[in-house]
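Containing mmCIF, C-alpha atoms and all ligand atoms: work-v5.cif.
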```cif
data_upload
loop_
_atom_site.label_atom_id
_atom_site.label_comp_id
_atom_site.auth_asym_id
_atom_site.auth_seq_id
_atom_site.Cartn_x
_atom_site.Cartn_y
_atom_site.Cartn_z
CA MET A 276 0.92 -13.52 15.98
CA SER A 277 0.68 -10.80 18.63
CA SER A 278 1.09 -7.23 17.47
CA SER A 279 4.39 -6.77 19.31
CA SER A 280 5.97 -9.87 17.78
CA ALA A 281 4.57 -8.87 14.36
CA LYS A 282 6.28 -5.52 14.76
CA SER A 283 9.68 -6.95 15.62
CA ALA A 284 9.41 -9.65 12.97
CA ALA A 285 8.53 -7.11 10.29
CA THR A 286 12.05 -5.69 10.38
CA THR A 287 13.63 -9.11 9.99
CA ILE A 288 11.35 -11.20 7.80
CA PRO A 289 8.85 -10.09 5.18
CA GLN A 290 5.22 -10.52 6.20
CA ILE A 291 3.05 -11.04 3.14
CA HIS A 292 -0.54 -10.21 3.97
CA GLU A 293 -1.74 -11.36 0.57
CA THR A 294 -0.53 -11.80 -3.01
CA ILE A 295 -2.89 -10.73 -5.76
CA GLU A 296 -2.38 -11.88 -9.33
CA VAL A 297 -3.17 -9.50 -12.17
CA SER A 298 -4.27 -11.98 -14.83
CA LEU A 299 -3.21 -10.77 -18.25
CA GLY A 300 -1.90 -13.91 -19.93
CA ALA A 301 1.81 -13.61 -20.66
CA ARG A 302 1.81 -10.17 -19.04
CA SER A 303 0.40 -11.38 -15.70
CA TYR A 304 2.17 -10.28 -12.54
CA PRO A 305 1.87 -10.53 -8.77
CA ILE A 306 1.18 -7.73 -6.31
CA HIS A 307 2.59 -8.57 -2.88
CA VAL A 308 0.93 -6.63 -0.06
CA GLY A 309 2.59 -6.75 3.35
CA THR A 310 5.27 -5.34 5.64
CA GLY A 311 9.03 -5.73 5.62
CA LEU A 312 8.95 -5.97 1.83
CA LEU A 313 11.24 -2.96 1.35
CA GLU A 314 13.93 -4.52 3.52
CA HIS A 315 13.65 -7.69 1.44
CA ALA A 316 12.97 -6.10 -1.95
CA GLY A 317 16.14 -7.67 -3.37
CA SER A 318 14.97 -11.22 -2.75
CA PHE A 319 11.65 -10.55 -4.52
CA ILE A 320 13.33 -8.75 -7.40
CA LYS A 321 16.28 -11.08 -8.04
CA PRO A 322 14.28 -13.89 -9.69
CA VAL A 323 12.70 -11.40 -12.10
CA LEU A 324 15.98 -9.85 -13.30
CA THR A 325 17.86 -11.24 -16.30
CA ARG A 326 21.18 -10.14 -14.79
CA PRO A 327 22.02 -8.85 -11.29
CA ARG A 328 21.88 -5.16 -12.19
CA THR A 329 19.17 -2.51 -12.01
CA VAL A 330 18.44 1.21 -11.81
CA ILE A 331 16.14 2.69 -9.18
CA VAL A 332 14.15 5.80 -10.12
CA THR A 333 12.83 7.79 -7.18
CA ASP A 334 12.21 11.32 -5.90
CA HIS A 335 14.02 13.31 -3.21
CA ASN A 336 11.43 12.70 -0.46
CA VAL A 337 11.34 8.96 -1.01
CA ALA A 338 15.13 8.86 -1.37
CA GLU A 339 15.39 10.30 2.11
CA ALA A 340 12.72 8.15 3.77
CA ILE A 341 12.98 4.78 2.03
CA LEU A 342 15.71 4.39 -0.57
CA PRO A 343 18.48 3.13 1.80
CA LYS A 344 16.34 0.13 2.80
CA VAL A 345 15.88 -0.91 -0.82
CA GLN A 346 19.52 -0.28 -1.70
CA LYS A 347 20.64 -2.39 1.26
CA SER A 348 18.35 -5.24 0.23
CA LEU A 349 19.76 -5.16 -3.32
CA ASP A 350 23.31 -5.21 -1.90
CA ALA A 351 22.38 -8.22 0.23
CA GLU A 352 21.35 -10.11 -2.92
CA GLY A 353 24.42 -9.06 -4.91
CA ILE A 354 22.37 -6.89 -7.30
CA ALA A 355 24.38 -3.93 -8.65
CA HIS A 356 22.34 -0.72 -8.71
CA GLN A 357 22.36 2.94 -9.58
CA THR A 358 19.80 5.50 -8.47
CA ILE A 359 18.22 8.39 -10.37
CA THR A 360 16.58 10.90 -8.03
CA LEU A 361 14.10 13.39 -9.47
CA PRO A 362 12.31 16.35 -7.86
CA PRO A 363 9.04 15.43 -6.11
CA GLY A 364 5.65 16.68 -7.29
CA GLU A 365 3.22 16.52 -10.19
CA GLY A 366 5.44 18.87 -12.25
CA THR A 367 7.91 15.99 -12.63
CA LYS A 368 5.48 14.18 -14.95
CA SER A 369 6.61 16.33 -17.89
CA PHE A 370 8.25 15.94 -21.31
CA ASP A 371 11.37 17.65 -19.92
CA ASN A 372 11.74 15.10 -17.15
CA LEU A 373 10.94 12.22 -19.50
CA ALA A 374 13.81 13.35 -21.75
CA ARG A 375 16.09 13.77 -18.75
CA LEU A 376 15.17 10.38 -17.32
CA THR A 377 15.62 8.46 -20.58
CA ASP A 378 19.03 10.13 -21.08
CA LEU A 379 20.08 9.18 -17.55
CA LEU A 380 18.89 5.60 -18.04
CA LEU A 381 20.91 5.37 -21.25
CA ASP A 382 23.91 6.92 -19.45
CA ALA A 383 23.47 4.14 -16.87
CA LYS A 384 23.81 1.69 -19.79
CA VAL A 385 20.40 0.14 -19.33
CA GLU A 386 19.97 -2.60 -21.90
CA ARG A 387 16.86 -3.98 -23.59
CA SER A 388 16.63 -6.96 -21.22
CA ASP A 389 17.27 -4.95 -18.04
CA ILE A 390 14.53 -4.18 -15.56
CA ILE A 391 14.28 -0.84 -13.75
CA ILE A 392 12.53 -0.01 -10.50
CA ALA A 393 10.02 2.79 -9.87
CA LEU A 394 10.32 3.59 -6.15
CA GLY A 395 7.84 6.27 -5.12
CA GLY A 396 4.34 7.61 -5.49
CA GLY A 397 2.18 7.80 -8.59
CA VAL A 398 4.32 10.52 -10.14
CA ILE A 399 7.46 8.38 -10.15
CA GLY A 400 5.48 5.27 -11.14
CA ASP A 401 3.76 6.94 -14.09
CA LEU A 402 6.90 8.66 -15.39
CA THR A 403 9.21 5.67 -14.92
CA GLY A 404 6.68 3.27 -16.42
CA PHE A 405 6.32 5.50 -19.47
CA ALA A 406 10.10 5.86 -19.82
CA ALA A 407 10.38 2.05 -19.61
CA SER A 408 7.70 1.65 -22.30
CA ILE A 409 9.73 3.66 -24.82
CA LEU A 410 13.36 3.08 -23.80
CA ARG A 411 15.00 0.84 -26.42
CA ARG A 412 11.43 0.22 -27.71
CA GLY A 413 10.30 -1.07 -24.35
CA ILE A 414 11.99 -2.53 -21.28
CA ASP A 415 10.40 -4.06 -18.19
CA PHE A 416 9.93 -2.35 -14.85
CA ILE A 417 8.97 -3.09 -11.26
CA GLN A 418 6.72 -0.93 -9.11
CA ILE A 419 7.54 -0.31 -5.45
CA PRO A 420 4.74 2.11 -4.57
CA THR A 421 5.41 4.19 -1.47
CA SER A 422 2.30 6.39 -1.26
CA LEU A 423 -1.12 5.02 -0.37
CA LEU A 424 -2.50 6.28 -3.67
CA ALA A 425 0.19 4.41 -5.58
CA GLN A 426 -0.36 1.21 -3.54
CA VAL A 427 -4.10 1.10 -4.17
CA ASP A 428 -4.26 2.53 -7.64
CA SER A 429 -1.47 3.88 -9.82
CA SER A 430 1.05 1.03 -9.48
CA VAL A 431 -1.51 -1.52 -10.67
CA GLY A 432 -2.93 -1.82 -14.18
CA GLY A 433 -0.20 -0.51 -16.45
CA LYS A 434 -1.35 3.01 -17.21
CA THR A 435 1.76 5.18 -17.50
CA GLY A 436 2.25 8.68 -18.76
CA ILE A 437 2.98 12.36 -18.35
CA ASN A 438 1.03 15.62 -18.34
CA THR A 439 1.12 18.22 -21.10
CA LYS A 440 0.10 21.87 -21.26
CA ARG A 441 -3.32 20.64 -22.43
CA GLY A 442 -3.99 18.48 -19.38
CA LYS A 443 -3.14 15.50 -17.23
CA ASN A 444 -1.98 12.13 -18.50
CA LEU A 445 -2.58 13.08 -22.14
CA VAL A 446 0.61 11.37 -23.36
CA GLY A 447 1.40 7.86 -22.22
CA ALA A 448 1.26 4.14 -22.82
CA PHE A 449 -0.23 0.98 -21.43
CA HIS A 450 2.80 -0.83 -20.01
CA GLN A 451 2.33 -3.41 -17.27
CA PRO A 452 4.94 -3.83 -14.51
CA ARG A 453 6.51 -7.25 -13.90
CA LEU A 454 6.00 -7.13 -10.14
CA VAL A 455 4.44 -4.81 -7.55
CA LEU A 456 5.71 -4.66 -3.95
CA ALA A 457 3.23 -2.76 -1.78
CA ASP A 458 4.79 -2.43 1.69
CA THR A 459 2.34 -0.68 4.01
CA GLY A 460 5.28 0.03 6.33
CA ALA A 461 6.43 2.58 3.71
CA LEU A 462 3.39 4.69 4.56
CA SER A 463 4.67 5.63 8.02
CA SER A 464 6.75 8.47 6.54
CA LEU A 465 4.00 9.67 4.18
CA PRO A 466 2.63 13.12 5.09
CA PRO A 467 -0.92 12.83 6.56
CA ARG A 468 -2.41 14.90 3.75
CA GLU A 469 -1.05 12.42 1.17
CA LEU A 470 -2.31 9.47 3.24
CA ARG A 471 -5.83 10.95 3.23
CA ALA A 472 -5.59 11.65 -0.50
CA GLY A 473 -4.81 7.98 -1.14
CA TYR A 474 -7.71 7.00 1.09
CA ALA A 475 -10.09 8.74 -1.32
CA GLU A 476 -9.12 6.20 -4.01
CA ILE A 477 -9.83 3.36 -1.56
CA VAL A 478 -13.32 4.77 -0.94
CA LYS A 479 -13.77 4.83 -4.71
CA TYR A 480 -13.69 1.00 -4.90
CA GLY A 481 -16.49 0.78 -2.35
CA LEU A 482 -18.55 3.32 -4.24
CA ILE A 483 -18.06 1.61 -7.62
CA ASN A 484 -19.43 -1.82 -6.78
CA GLN A 485 -18.68 -2.86 -3.18
CA PRO A 486 -21.22 -1.33 -0.81
CA ASP A 487 -20.12 -3.72 1.97
CA PHE A 488 -16.56 -2.44 1.69
CA PHE A 489 -17.83 1.15 1.88
CA GLU A 490 -19.63 0.21 5.08
CA TRP A 491 -16.41 -1.35 6.42
CA LEU A 492 -14.59 1.90 5.62
CA GLU A 493 -17.22 3.93 7.45
CA LYS A 494 -16.42 1.85 10.53
CA ASN A 495 -12.65 1.53 10.14
CA GLY A 496 -11.49 4.48 8.00
CA ALA A 497 -10.45 6.72 10.87
CA ALA A 498 -8.43 3.98 12.61
CA LEU A 499 -6.85 2.99 9.30
CA LEU A 500 -5.67 6.56 8.77
CA GLU A 501 -4.20 6.55 12.27
CA GLY A 502 -1.83 3.90 10.94
CA GLY A 503 -3.61 0.65 11.81
CA THR A 504 -1.33 -1.81 10.01
CA ASP A 505 -3.80 -4.67 9.62
CA LEU A 506 -6.57 -2.30 8.54
CA LEU A 507 -4.26 -0.72 5.97
CA ALA A 508 -3.17 -4.11 4.64
CA HIS A 509 -6.82 -5.18 4.32
CA ALA A 510 -7.85 -1.99 2.52
CA VAL A 511 -4.85 -2.12 0.15
CA THR A 512 -5.61 -5.76 -0.61
CA VAL A 513 -9.31 -5.19 -1.32
CA SER A 514 -8.42 -2.20 -3.49
CA CYS A 515 -5.76 -4.06 -5.51
CA LYS A 516 -8.11 -7.02 -5.99
CA ALA A 517 -10.86 -4.70 -7.23
CA LYS A 518 -8.53 -2.96 -9.63
CA ALA A 519 -6.90 -6.20 -10.79
CA ALA A 520 -10.32 -7.72 -11.54
CA ILE A 521 -11.38 -4.78 -13.67
CA VAL A 522 -8.02 -4.51 -15.46
CA ALA A 523 -8.06 -8.25 -16.25
CA GLN A 524 -11.39 -7.80 -18.02
CA ASP A 525 -10.63 -4.54 -19.80
CA GLU A 526 -6.91 -3.73 -19.90
CA ARG A 527 -7.18 -0.90 -22.42
CA GLU A 528 -10.31 0.81 -21.17
CA GLN A 529 -12.69 -0.15 -23.94
CA GLY A 530 -15.53 -0.42 -21.45
CA LYS A 531 -15.63 -1.50 -17.82
CA ARG A 532 -12.26 -0.02 -16.80
CA ALA A 533 -13.79 3.44 -17.19
CA LEU A 534 -15.61 2.77 -13.89
CA LEU A 535 -12.27 3.40 -12.17
CA ASN A 536 -12.67 7.02 -13.25
CA LEU A 537 -15.51 7.59 -10.79
CA GLY A 538 -15.02 11.14 -9.51
CA HIS A 539 -12.11 11.71 -11.89
CA THR A 540 -13.73 13.76 -14.66
CA PHE A 541 -14.85 16.37 -12.13
CA GLY A 542 -11.64 15.87 -10.16
CA HIS A 543 -9.31 16.42 -13.11
CA ALA A 544 -11.18 19.63 -13.98
CA LEU A 545 -10.66 20.90 -10.43
CA GLU A 546 -6.95 20.01 -10.53
CA ALA A 547 -6.53 21.76 -13.89
CA GLU A 548 -8.38 24.87 -12.72
CA ALA A 549 -6.20 24.96 -9.60
CA GLY A 550 -3.16 24.87 -11.91
CA TYR A 551 -1.94 21.50 -10.53
CA SER A 552 -0.83 23.39 -7.47
CA GLY A 553 -0.72 22.63 -3.76
CA ARG A 554 -4.24 24.08 -3.57
CA ILE A 555 -5.49 20.58 -4.18
CA VAL A 556 -3.82 17.20 -4.63
CA HIS A 557 -5.19 14.43 -6.84
CA GLY A 558 -6.92 12.36 -4.17
CA GLU A 559 -8.58 15.43 -2.69
CA ALA A 560 -9.88 16.36 -6.14
CA VAL A 561 -11.20 12.79 -6.50
CA ALA A 562 -12.97 13.08 -3.13
CA ILE A 563 -14.81 16.22 -4.27
CA GLY A 564 -15.35 14.63 -7.69
CA MET A 565 -17.01 11.56 -6.15
CA CYS A 566 -19.34 13.80 -4.14
CA LEU A 567 -20.20 15.76 -7.29
CA ALA A 568 -20.83 12.53 -9.22
CA HIS A 569 -23.26 11.36 -6.54
CA GLU A 570 -24.98 14.75 -6.36
CA PHE A 571 -25.20 15.08 -10.16
CA SER A 572 -26.68 11.57 -10.36
CA GLN A 573 -29.28 12.60 -7.82
CA VAL A 574 -30.10 15.83 -9.66
CA GLN A 575 -30.47 13.78 -12.85
CA GLY A 576 -32.99 11.55 -11.09
CA LEU A 577 -30.72 8.49 -11.34
CA ALA A 578 -30.11 8.04 -7.63
CA THR A 579 -32.54 8.64 -4.82
CA GLY A 580 -32.20 8.68 -1.06
CA GLN A 581 -29.39 9.84 1.14
CA ASP A 582 -26.37 8.26 -0.56
CA ALA A 583 -24.82 11.56 -1.72
CA VAL A 584 -25.04 12.88 1.84
CA ARG A 585 -23.65 9.64 3.25
CA VAL A 586 -20.64 9.71 0.91
CA ALA A 587 -19.85 13.34 1.77
CA ALA A 588 -20.30 12.65 5.48
CA HIS A 589 -17.77 9.83 5.43
CA LEU A 590 -15.17 11.66 3.35
CA SER A 591 -15.45 14.76 5.48
CA SER A 592 -15.25 12.71 8.71
CA VAL A 593 -11.72 11.67 7.76
CA GLY A 594 -10.72 15.22 6.81
CA LEU A 595 -11.16 15.12 3.04
CA PRO A 596 -12.74 18.02 1.12
CA THR A 597 -16.22 17.34 -0.26
CA CYS A 598 -17.25 20.45 -2.19
CA ILE A 599 -15.66 22.95 -4.55
CA GLY A 600 -15.86 25.66 -1.88
CA ASP A 601 -13.47 23.59 0.27
CA ILE A 602 -10.62 24.32 -2.16
CA PRO A 603 -8.57 27.21 -0.80
CA GLY A 604 -7.58 30.14 -2.98
CA GLY A 605 -10.88 31.64 -4.12
CA PRO A 606 -13.92 30.57 -6.11
CA MET A 607 -13.91 28.70 -9.43
CA LEU A 608 -16.06 29.37 -12.50
CA ALA A 609 -18.48 26.69 -13.69
CA GLU A 610 -17.74 27.59 -17.35
CA ALA A 611 -14.00 27.08 -16.79
CA LEU A 612 -14.62 23.67 -15.23
CA VAL A 613 -16.82 22.58 -18.14
CA GLU A 614 -14.06 23.62 -20.53
CA HIS A 615 -11.57 21.41 -18.68
CA ILE A 616 -14.08 18.57 -18.73
CA TYR A 617 -14.20 18.78 -22.53
CA GLN A 618 -10.39 18.63 -22.65
CA ASP A 619 -10.36 15.53 -20.49
CA LYS A 620 -9.70 12.38 -22.44
CA LYS A 621 -13.01 10.94 -21.31
CA ALA A 622 -14.80 13.26 -23.74
CA SER A 623 -15.02 11.26 -26.96
CA GLY A 624 -16.30 12.53 -30.32
CA GLY A 625 -17.50 15.65 -28.53
CA ALA A 626 -19.84 13.54 -26.36
CA LEU A 627 -19.37 13.67 -22.63
CA THR A 628 -18.95 10.37 -20.80
CA PHE A 629 -19.25 10.35 -17.03
CA ILE A 630 -19.25 7.72 -14.35
CA LEU A 631 -22.56 8.23 -12.61
CA THR A 632 -24.32 6.13 -10.02
CA ARG A 633 -27.64 4.70 -8.93
CA GLY A 634 -26.38 4.71 -5.34
CA ILE A 635 -23.45 3.49 -3.25
CA GLY A 636 -21.87 0.51 -5.03
CA LYS A 637 -23.91 1.06 -8.20
CA ALA A 638 -21.68 3.13 -10.48
CA PHE A 639 -22.12 2.93 -14.25
CA VAL A 640 -20.78 4.51 -17.43
CA ALA A 641 -23.14 7.27 -18.59
CA LYS A 642 -22.72 8.42 -22.18
CA ASP A 643 -24.01 11.59 -23.84
CA ILE A 644 -24.33 13.77 -20.78
CA ASP A 645 -26.22 16.95 -21.65
CA PRO A 646 -23.67 19.82 -21.50
CA ALA A 647 -26.36 22.35 -20.52
CA ALA A 648 -27.46 20.20 -17.56
CA LEU A 649 -23.83 19.80 -16.52
CA LEU A 650 -23.16 23.54 -16.70
CA HIS A 651 -26.30 24.28 -14.74
CA PHE A 652 -25.37 21.72 -12.08
CA LEU A 653 -21.86 23.14 -11.68
CA THR A 654 -23.23 26.68 -11.46
CA THR A 655 -25.08 25.55 -8.35
CA ARG A 656 -21.94 24.01 -6.86
CA VAL A 657 -19.15 26.58 -7.35
N1 LIG B 1 -1.34 5.16 -13.59
C1 LIG B 1 -2.49 5.15 -12.97
O1 LIG B 1 -3.31 4.25 -13.16
C2 LIG B 1 -2.80 6.24 -12.01
C3 LIG B 1 -3.88 6.12 -11.14
C4 LIG B 1 -4.09 7.12 -10.20
C5 LIG B 1 -3.24 8.20 -10.13
N2 LIG B 1 -2.19 8.29 -11.00
C6 LIG B 1 -1.26 9.42 -10.93
O2 LIG B 1 -0.58 9.35 -9.69
C7 LIG B 1 -0.12 10.65 -9.34
C8 LIG B 1 -0.40 10.90 -7.88
O3 LIG B 1 0.30 9.94 -7.12
P1 LIG B 1 0.70 10.25 -5.60
O4 LIG B 1 -0.46 10.77 -4.88
O5 LIG B 1 1.42 9.06 -5.12
O6 LIG B 1 1.68 11.50 -5.77
P2 LIG B 1 3.26 11.68 -5.64
O7 LIG B 1 4.00 10.65 -6.37
O8 LIG B 1 3.51 13.10 -5.97
O9 LIG B 1 3.50 11.45 -4.08
C9 LIG B 1 2.93 12.33 -3.15
C10 LIG B 1 4.01 12.99 -2.28
O10 LIG B 1 4.40 12.06 -1.29
C11 LIG B 1 5.81 11.87 -1.31
N3 LIG B 1 6.02 10.49 -0.90
C12 LIG B 1 5.64 9.36 -1.54
N4 LIG B 1 5.87 8.29 -0.79
C13 LIG B 1 6.42 8.74 0.37
C14 LIG B 1 6.85 8.12 1.56
N5 LIG B 1 6.67 6.80 1.74
N6 LIG B 1 7.35 8.88 2.55
C15 LIG B 1 7.47 10.23 2.40
N7 LIG B 1 7.05 10.89 1.30
C16 LIG B 1 6.53 10.14 0.30
C17 LIG B 1 6.24 12.22 -2.70
O11 LIG B 1 7.58 12.64 -2.74
C18 LIG B 1 5.28 13.37 -3.01
O12 LIG B 1 5.77 14.56 -2.45
C19 LIG B 1 -0.84 11.61 -10.26
O13 LIG B 1 0.07 12.07 -11.22
C20 LIG B 1 -1.91 10.77 -10.91
O14 LIG B 1 -2.25 11.19 -12.21
C21 LIG B 1 -1.96 7.33 -11.92
ZN ZN B 2 -7.04 8.72 -9.27
#
```

If you took the structure in this file and wrote it as structure tokens, what would it be?
Ligand SMILES: NC(=O)c1ccc[n+]([C@@H]2O[C@H](COP(=O)([O-])OP(=O)(O)OC[C@H]3O[C@@H](n4cnc5c(N)ncnc54)[C@H](O)[C@@H]3O)[C@@H](O)[C@H]2O)c1
Ligand SMILES: [Zn+2]
Amino acid sequence: MSSSSAKSAATTIPQIHETIEVSLGARSYPIHVGTGLLEHAGSFIKPVLTRPRTVIVTDHNVAEAILPKVQKSLDAEGIAHQTITLPPGEGTKSFDNLARLTDLLLDAKVERSDIIIALGGGVIGDLTGFAASILRRGIDFIQIPTSLLAQVDSSVGGKTGINTKRGKNLVGAFHQPRLVLADTGALSSLPPRELRAGYAEIVKYGLINQPDFFEWLEKNGAALLEGGTDLLAHAVTVSCKAKAAIVAQDEREQGKRALLNLGHTFGHALEAEAGYSGRIVHGEAVAIGMCLAHEFSQVQGLATGQDAVRVAAHLSSVGLPTCIGDIPGGPMLAEALVEHIYQDKKASGGALTFILTRGIGKAFVAKDIDPAALLHFLTTRV
């Protein structure tokens, strides 16, 4: 199909680029990646519902940019719906908003067999998924991820939760969605900074175990971020497949799933130290975290060669930050970062677990990291 006919068709019929199955026995579910899925959300959702009634949970930004399309598609299928719109931003993943959301869902008379919809980025997906996991002892939910980060990462795999004063994602549940609709057309209204942040998580899959995909990203990343629809669909598909494969083997992070945290232990510490503020968003913190993981691996003698430089060069070429000094708002203290790292849930029994690497595509779980070596390394990087 030519690109012009694909464009006009996308508004009338859904174009599924690929469907990926997350294989978890009775809890298996499909991820549809494509365009025009928002406009046809109702027809994908209807067969999953037990009765033609649902509640959409979203945030104000997504309500403005995307919600009417989904509402219209539900109307077209005769599905009654209400919408709960929350404030945007990481601060929404809180106990206060969890209480508010569960009250509103109960006010909307959501029953045990009903299915609710999370329409938004990772914040809405994580909060709504967690609310679904506890409402009436657990109801089902559908993910319609609208940010790139949510399409390639947070909407897949069933991790849900909220932040507490002690750190990110410290309270939550494993609760798989019933269906994921990843419409790359939704990304056209996403602010460029958020698009780049999501891109960092795509790069992560290449760095974990797909060096060929990393190479593909080096060639196509810039064009993808310019909005190349086919490139986006390919990258979202590869990412979802990578995540689905790992989740199918290790749903509850007893082992292999920890690889998905590449760059995240450093990244979470940076986010915490920045006070979860606009100084740095999650994907940016992950970009710096991945660079630090590669550099730390090199300093530890685990990785040789130019891979750390190559990773930083690619991330910076698409406008992502690559070192702690890139974070606006003044310097950070190595000691403070190490303290956050200990708070992170990846520290177990006092021992520090990191995802380190032997090079691009060769990440592994490293246990018992020496705290003194870590502190020394960070002192050289702040
Ligand atoms: N559950 C998991 O496995 C998992 C994995 C990775 C990240 N996360 C979590 O995901 C969250 C980050 O997700 P995020 O980056 O999507 O953040 P987000 O949900 O805050 O979305 C980013 C911003 O983009 C806006 N937005 C989203 N889609 C839009 C659209 N199509 N058009 C216009 N604006 C749009 C949102 O309103 C928000 O302002 C973090 O809380 C992180 O901990 C969870
Ligand atoms: Zn992440």

Using all atoms listed in the file, pick whichever of A:Leu577, A:Val556, A:Leu380, A:Ala407 has the shortest atom-to-atom distance to ligand ZN 2 (chain B).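 Among the listed residues, the smallest separation from ligand ZN 2 (chain B) belongs to A:Val556.
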
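Computed from the coordinates, the atom CA of A:Leu567 to atom C5 of ligand LIG 1 (chain B) distance equals 18.8 Å.
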
When you look at stretch 391-396 of chain A with a cut-off of 8 Å (counting only C-alpha atoms), what residues show up, excluding the ones that are within fewer than 4 positions of it in the same chain? I need them as a list in words.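 My list of contacting residues is Thr329, Val330, Ile331, Val332, Thr333, Asp334, Val337, Leu342, Gly400, Thr403, Gly404, Ala407, Asp415, Phe416, Ile417, Gln418, Ile419, Pro420, Thr421, Ser422, Leu423, Leu424 and Ala425 of chain A.
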
For A:Ala560, which of A:Ala472, A:Leu627, A:Val446, A:Ala638 is the closest residue, counting all atoms listed in the file? A:Ala472

In terms of the shortest atom-to-atom distance over only C-alpha atoms, which of A:Asp582, A:Glu476, A:Glu469, A:Asp371 is closest to A:Ser429?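 For A:Ser429, the nearest of the given residues is A:Glu476.
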
With all atoms listed in the file counted and 7 Å as the cut-off, give the residues of chain A in contact with ligand LIG 1 (chain B), each with its shortest interatomic distance in Å and the pair that gives it, as a Markdown table.
```
| residue | atom | partner | partner_atom | distance |
| --- | --- | --- | --- | --- |
| A:Asp334 | CA | B:LIG1 | O11 | 5.8 |
| A:His335 | CA | B:LIG1 | O11 | 6.5 |
| A:Asn336 | CA | B:LIG1 | O11 | 4.5 |
| A:Val337 | CA | B:LIG1 | C13 | 5.1 |
| A:Ala340 | CA | B:LIG1 | N6 | 5.6 |
| A:Ile341 | CA | B:LIG1 | N5 | 6.6 |
| A:Pro363 | CA | B:LIG1 | O11 | 4.6 |
| A:Gly364 | CA | B:LIG1 | O8 | 4.4 |
| A:Glu365 | CA | B:LIG1 | O8 | 5.4 |
| A:Lys368 | CA | B:LIG1 | O13 | 6.9 |
| A:Gly395 | CA | B:LIG1 | N4 | 5.2 |
| A:Gly396 | CA | B:LIG1 | O7 | 3.2 |
| A:Gly397 | CA | B:LIG1 | O3 | 3.2 |
| A:Val398 | CA | B:LIG1 | O7 | 3.8 |
| A:Ile399 | CA | B:LIG1 | O7 | 5.6 |
| A:Asp401 | CA | B:LIG1 | N1 | 5.4 |
| A:Thr421 | CA | B:LIG1 | N4 | 4.2 |
| A:Ser422 | CA | B:LIG1 | N4 | 4.1 |
| A:Leu423 | CA | B:LIG1 | O5 | 6.7 |
| A:Leu424 | CA | B:LIG1 | O5 | 5.0 |
| A:Ala425 | CA | B:LIG1 | O5 | 4.8 |
| A:Asp428 | CA | B:LIG1 | C3 | 5.0 |
| A:Ser429 | CA | B:LIG1 | C2 | 3.5 |
| A:Ser430 | CA | B:LIG1 | N1 | 6.3 |
| A:Val431 | CA | B:LIG1 | O1 | 6.5 |
| A:Gly432 | CA | B:LIG1 | O1 | 6.2 |
| A:Gly433 | CA | B:LIG1 | N1 | 6.5 |
| A:Lys434 | CA | B:LIG1 | N1 | 4.2 |
| A:Thr435 | CA | B:LIG1 | N1 | 5.0 |
| A:Lys443 | CA | B:LIG1 | O14 | 6.7 |
| A:Asn444 | CA | B:LIG1 | O14 | 6.4 |
| A:Ala461 | CA | B:LIG1 | N5 | 4.7 |
| A:Leu462 | CA | B:LIG1 | N5 | 4.8 |
| A:Ser463 | CA | B:LIG1 | N5 | 6.7 |
| A:Ser464 | CA | B:LIG1 | N6 | 4.1 |
| A:Leu465 | CA | B:LIG1 | N6 | 3.8 |
| A:Pro466 | CA | B:LIG1 | N7 | 6.2 |
| A:Glu469 | CA | B:LIG1 | C9 | 5.9 |
| A:Ala472 | CA | B:LIG1 | O4 | 6.8 |
| A:Gly473 | CA | B:LIG1 | O4 | 6.4 |
| A:His557 | CA | B:LIG1 | C8 | 6.0 |
| A:Gly558 | CA | B:LIG1 | O4 | 6.7 |
```

Suppose we keep C-alpha atoms; can you now write the selection as a CSV table (one decimal), keeping the file's coordinate frame?
```
chain,number,residue,atom,x,y,z
A,334,ASP,CA,12.2,11.3,-5.9
A,335,HIS,CA,14.0,13.3,-3.2
A,336,ASN,CA,11.4,12.7,-0.5
A,337,VAL,CA,11.3,9.0,-1.0
A,340,ALA,CA,12.7,8.2,3.8
A,341,ILE,CA,13.0,4.8,2.0
A,363,PRO,CA,9.0,15.4,-6.1
A,364,GLY,CA,5.6,16.7,-7.3
A,365,GLU,CA,3.2,16.5,-10.2
A,368,LYS,CA,5.5,14.2,-15.0
A,395,GLY,CA,7.8,6.3,-5.1
A,396,GLY,CA,4.3,7.6,-5.5
A,397,GLY,CA,2.2,7.8,-8.6
A,398,VAL,CA,4.3,10.5,-10.1
A,399,ILE,CA,7.5,8.4,-10.2
A,401,ASP,CA,3.8,6.9,-14.1
A,421,THR,CA,5.4,4.2,-1.5
A,422,SER,CA,2.3,6.4,-1.3
A,423,LEU,CA,-1.1,5.0,-0.4
A,424,LEU,CA,-2.5,6.3,-3.7
A,425,ALA,CA,0.2,4.4,-5.6
A,428,ASP,CA,-4.3,2.5,-7.6
A,429,SER,CA,-1.5,3.9,-9.8
A,430,SER,CA,1.0,1.0,-9.5
A,431,VAL,CA,-1.5,-1.5,-10.7
A,432,GLY,CA,-2.9,-1.8,-14.2
A,433,GLY,CA,-0.2,-0.5,-16.4
A,434,LYS,CA,-1.4,3.0,-17.2
A,435,THR,CA,1.8,5.2,-17.5
A,443,LYS,CA,-3.1,15.5,-17.2
A,444,ASN,CA,-2.0,12.1,-18.5
A,461,ALA,CA,6.4,2.6,3.7
A,462,LEU,CA,3.4,4.7,4.6
A,463,SER,CA,4.7,5.6,8.0
A,464,SER,CA,6.8,8.5,6.5
A,465,LEU,CA,4.0,9.7,4.2
A,466,PRO,CA,2.6,13.1,5.1
A,469,GLU,CA,-1.0,12.4,1.2
A,472,ALA,CA,-5.6,11.6,-0.5
A,473,GLY,CA,-4.8,8.0,-1.1
A,557,HIS,CA,-5.2,14.4,-6.8
A,558,GLY,CA,-6.9,12.4,-4.2
```
